[in-house]
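Down below is the structure, laid out as structure tokens.
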Amino acid sequence: MNVLGKYNSNLLYANFNQDYTCVSVGTLDGFKIFSCDPFVDCFAQNDGGTSIVEMLFCTSLVAVVGAGDQPSRSPRRLQIINTKTRTVLCEHKFVTAILGVRLNKKRIVVVMETKIHIYDISTMKILHSIDTAPNPRGICALSPDSKNCFLAYPAAQNTGDVYLFDALSLQTINNANAHKRGVAVMSFSQDGTLLATASEKGTVVRVHSVPKLDKSTSYRRGTYPAGITSICFSVDSKFMAVASDTGTVHIFQVNMNDSDSAPSNATSMLNITSYLPGVISSVWEPQRDVAHIKLPASGVPALAGIYPTPSGNSLRVMILTGDGFFYAYYLDINSTNQGD
């Protein structure tokens with residue numbers, strides 16, 4: 001989440017790591033890392049403004065991009081840092097500003113406005129570069145899974161088309177028309193078998209099967225347009241949290257079964273959709289949330305992380321907001337009551 005001081009003068013960037021166990025924060029002074037449960041500060045480095053800081057799960061490896069407040073902190077320079085030794089392992093310089101960085105245990109992906117660079121994480125050697133349509137927000141998703149190591153990015157700025165790229169074989173393997181409008185957010189499930197997307201309109205989130213992209217289900221966030229700022233799957237891929245700038249976080253139960261997607265009282269709808277291709281019929285009637293959370297402030301972007309508690313009876317939903325707050329909620333899985 002790039003906020004660049006818009007909602008908190010010192011906060012430039014914030015994100016969860018891949019399994020929602022840690023939070024990385026970029027500030028005007030440097031960057032910090034917090035554990036989520038309990039929420040405590042576990043690392044800090046103050047060596048200049050940081051516009052991007054991304055972790056590799058809970059390891060000591062972090063990718064850092066400067067905010068341009070000094071020559072050594074250029075937004076065109078990527079540094080890979082070992083937090084245990086506080087040393088720079090390697091760095092790469094680029095011609096244009098870095099808009100996003102994604103990591104898993106096989107690849108590092110660096111997103112520019114019209115290019116995506118893919119690196120081998122073990123050697124930090126570049127493997128492939130993709131020329132893209134203008135992507136000024138650096139929209140891109142990399143699967144956390146090392147085997148289903150897929151990369152997704154918008155095909156164009158103003159259309160809802162999405163490309164799916166295999167980051168291991170280094171080839172485009174599929175594409176889909178996910179939305180009518182431009183894609184604003186995308187995210188993979190933990191195992192890389194599902195891809196969630198939302199358009200700039202922000203009323204519906206779609207979840208696509210990966211890698212074929214031949215099956216899709218829809219989830220209704222709301223009736224009125226909103227800026228969706230985050231989509232995340234629970235670690236077991238059974239739930240999905242969708243955050244927006246309206247001050248709400250919606251929790252959905254993920255169900256890729258077509259028959260379960262249809263409302264029980266819609267006999268005529270079932271008759272209609274039975275004649276439609278599966279990829280169309282499954283998005284005909286969007287599923288509703290099972291719970292939602294109302295945050296204290298609206299108009300502020302938010303990121304969500306979600307995972308089942310050890311008991312398996314509840315979900316822990318964690319939320320980062322652009323004004324620098326961290327919230328944690330527990331939701332009863334067996335109840336469909338709305339959360340506050």
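Each chain in the structure tokens gets a letter, A, B, ..., in the order shown, and its residues are numbered from 1; ligands are numbered from 1 in order too.
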Self-check item: For Lys84 of chain A: contacts at 12 Å, only C-alpha atoms, fewer than 2 positions along chain excluded, given as an NGL selection string
Solution: :A and (42-45 or 58-62 or 81-82 or 86-89)
Exercise. Output as a ChimeraX atom specification all residues of segment 49-122 of chain A that backbone DSSP marks as strand (DSSP E or B).
Key: /A:50-55,61-66,77-82,87-93,100-103,107-111,115-120
Quiz prompt | Residue with smallest distance to Arg288 of chain A - pool A:Asn334, A:Gln253, A:Thr159, A:Asn15, counting only C-alpha atoms | solution =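 For Arg288 of chain A, the nearest of the candidates is A:Gln253.
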Quiz prompt | Spatial neighbours of Lys147 of chain A, 12 Å, only C-alpha atoms, chain gap at least 4 places, as a list in words | solution =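 The contact residues come out as Asn104, Lys105, Lys106, Arg107, Leu142, Ser143, Asp166, Ala167, Leu168, Ser169, Gln190, Asp191, Gly192 and Thr193 of chain A.
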Written selection (N, CA and C atoms) as a PDB file, in the first residue's frame:
```pdb
ATOM      1  N   ASN A 104       8.494 -14.329  -3.808  1.00  0.00           N
ATOM      2  CA  ASN A 104       8.225 -15.630  -3.208  1.00  0.00           C
ATOM      3  C   ASN A 104       9.567 -16.356  -3.093  1.00  0.00           C
ATOM      4  N   LYS A 105       9.575 -17.623  -2.760  1.00  0.00           N
ATOM      5  CA  LYS A 105      10.836 -18.316  -2.493  1.00  0.00           C
ATOM      6  C   LYS A 105      11.605 -18.691  -3.758  1.00  0.00           C
ATOM      7  N   LYS A 106      11.046 -18.379  -4.921  1.00  0.00           N
ATOM      8  CA  LYS A 106      11.724 -18.629  -6.195  1.00  0.00           C
ATOM      9  C   LYS A 106      12.060 -17.360  -6.960  1.00  0.00           C
ATOM     10  N   ARG A 107      11.208 -16.366  -6.869  1.00  0.00           N
ATOM     11  CA  ARG A 107      11.328 -15.208  -7.743  1.00  0.00           C
ATOM     12  C   ARG A 107      11.190 -13.879  -6.996  1.00  0.00           C
ATOM     13  N   LEU A 142       1.918 -11.754  -7.524  1.00  0.00           N
ATOM     14  CA  LEU A 142       2.776 -12.932  -7.632  1.00  0.00           C
ATOM     15  C   LEU A 142       2.288 -13.956  -6.621  1.00  0.00           C
ATOM     16  N   SER A 143       2.093 -15.186  -7.081  1.00  0.00           N
ATOM     17  CA  SER A 143       1.646 -16.238  -6.173  1.00  0.00           C
ATOM     18  C   SER A 143       2.687 -16.492  -5.084  1.00  0.00           C
ATOM     19  N   ASP A 166       3.652 -17.661 -16.290  1.00  0.00           N
ATOM     20  CA  ASP A 166       4.332 -18.660 -15.475  1.00  0.00           C
ATOM     21  C   ASP A 166       5.749 -18.171 -15.198  1.00  0.00           C
ATOM     22  N   ALA A 167       6.044 -17.838 -13.943  1.00  0.00           N
ATOM     23  CA  ALA A 167       7.347 -17.266 -13.602  1.00  0.00           C
ATOM     24  C   ALA A 167       8.445 -18.309 -13.510  1.00  0.00           C
ATOM     25  N   LEU A 168       8.106 -19.601 -13.624  1.00  0.00           N
ATOM     26  CA  LEU A 168       9.118 -20.649 -13.661  1.00  0.00           C
ATOM     27  C   LEU A 168       9.527 -20.964 -15.096  1.00  0.00           C
ATOM     28  N   SER A 169       8.528 -21.201 -15.959  1.00  0.00           N
ATOM     29  CA  SER A 169       8.826 -21.490 -17.367  1.00  0.00           C
ATOM     30  C   SER A 169       9.021 -20.217 -18.180  1.00  0.00           C
ATOM     31  N   GLN A 190      -2.984 -18.552  -1.386  1.00  0.00           N
ATOM     32  CA  GLN A 190      -1.693 -19.016  -0.890  1.00  0.00           C
ATOM     33  C   GLN A 190      -1.093 -20.126  -1.747  1.00  0.00           C
ATOM     34  N   ASP A 191      -1.941 -21.010  -2.278  1.00  0.00           N
ATOM     35  CA  ASP A 191      -1.429 -22.123  -3.090  1.00  0.00           C
ATOM     36  C   ASP A 191      -1.367 -21.804  -4.577  1.00  0.00           C
ATOM     37  N   GLY A 192      -1.718 -20.576  -4.952  1.00  0.00           N
ATOM     38  CA  GLY A 192      -1.617 -20.156  -6.341  1.00  0.00           C
ATOM     39  C   GLY A 192      -2.646 -20.745  -7.276  1.00  0.00           C
ATOM     40  N   THR A 193      -3.726 -21.316  -6.752  1.00  0.00           N
ATOM     41  CA  THR A 193      -4.748 -21.934  -7.605  1.00  0.00           C
ATOM     42  C   THR A 193      -5.948 -21.021  -7.845  1.00  0.00           C
TER      43      THR A 193
END
```
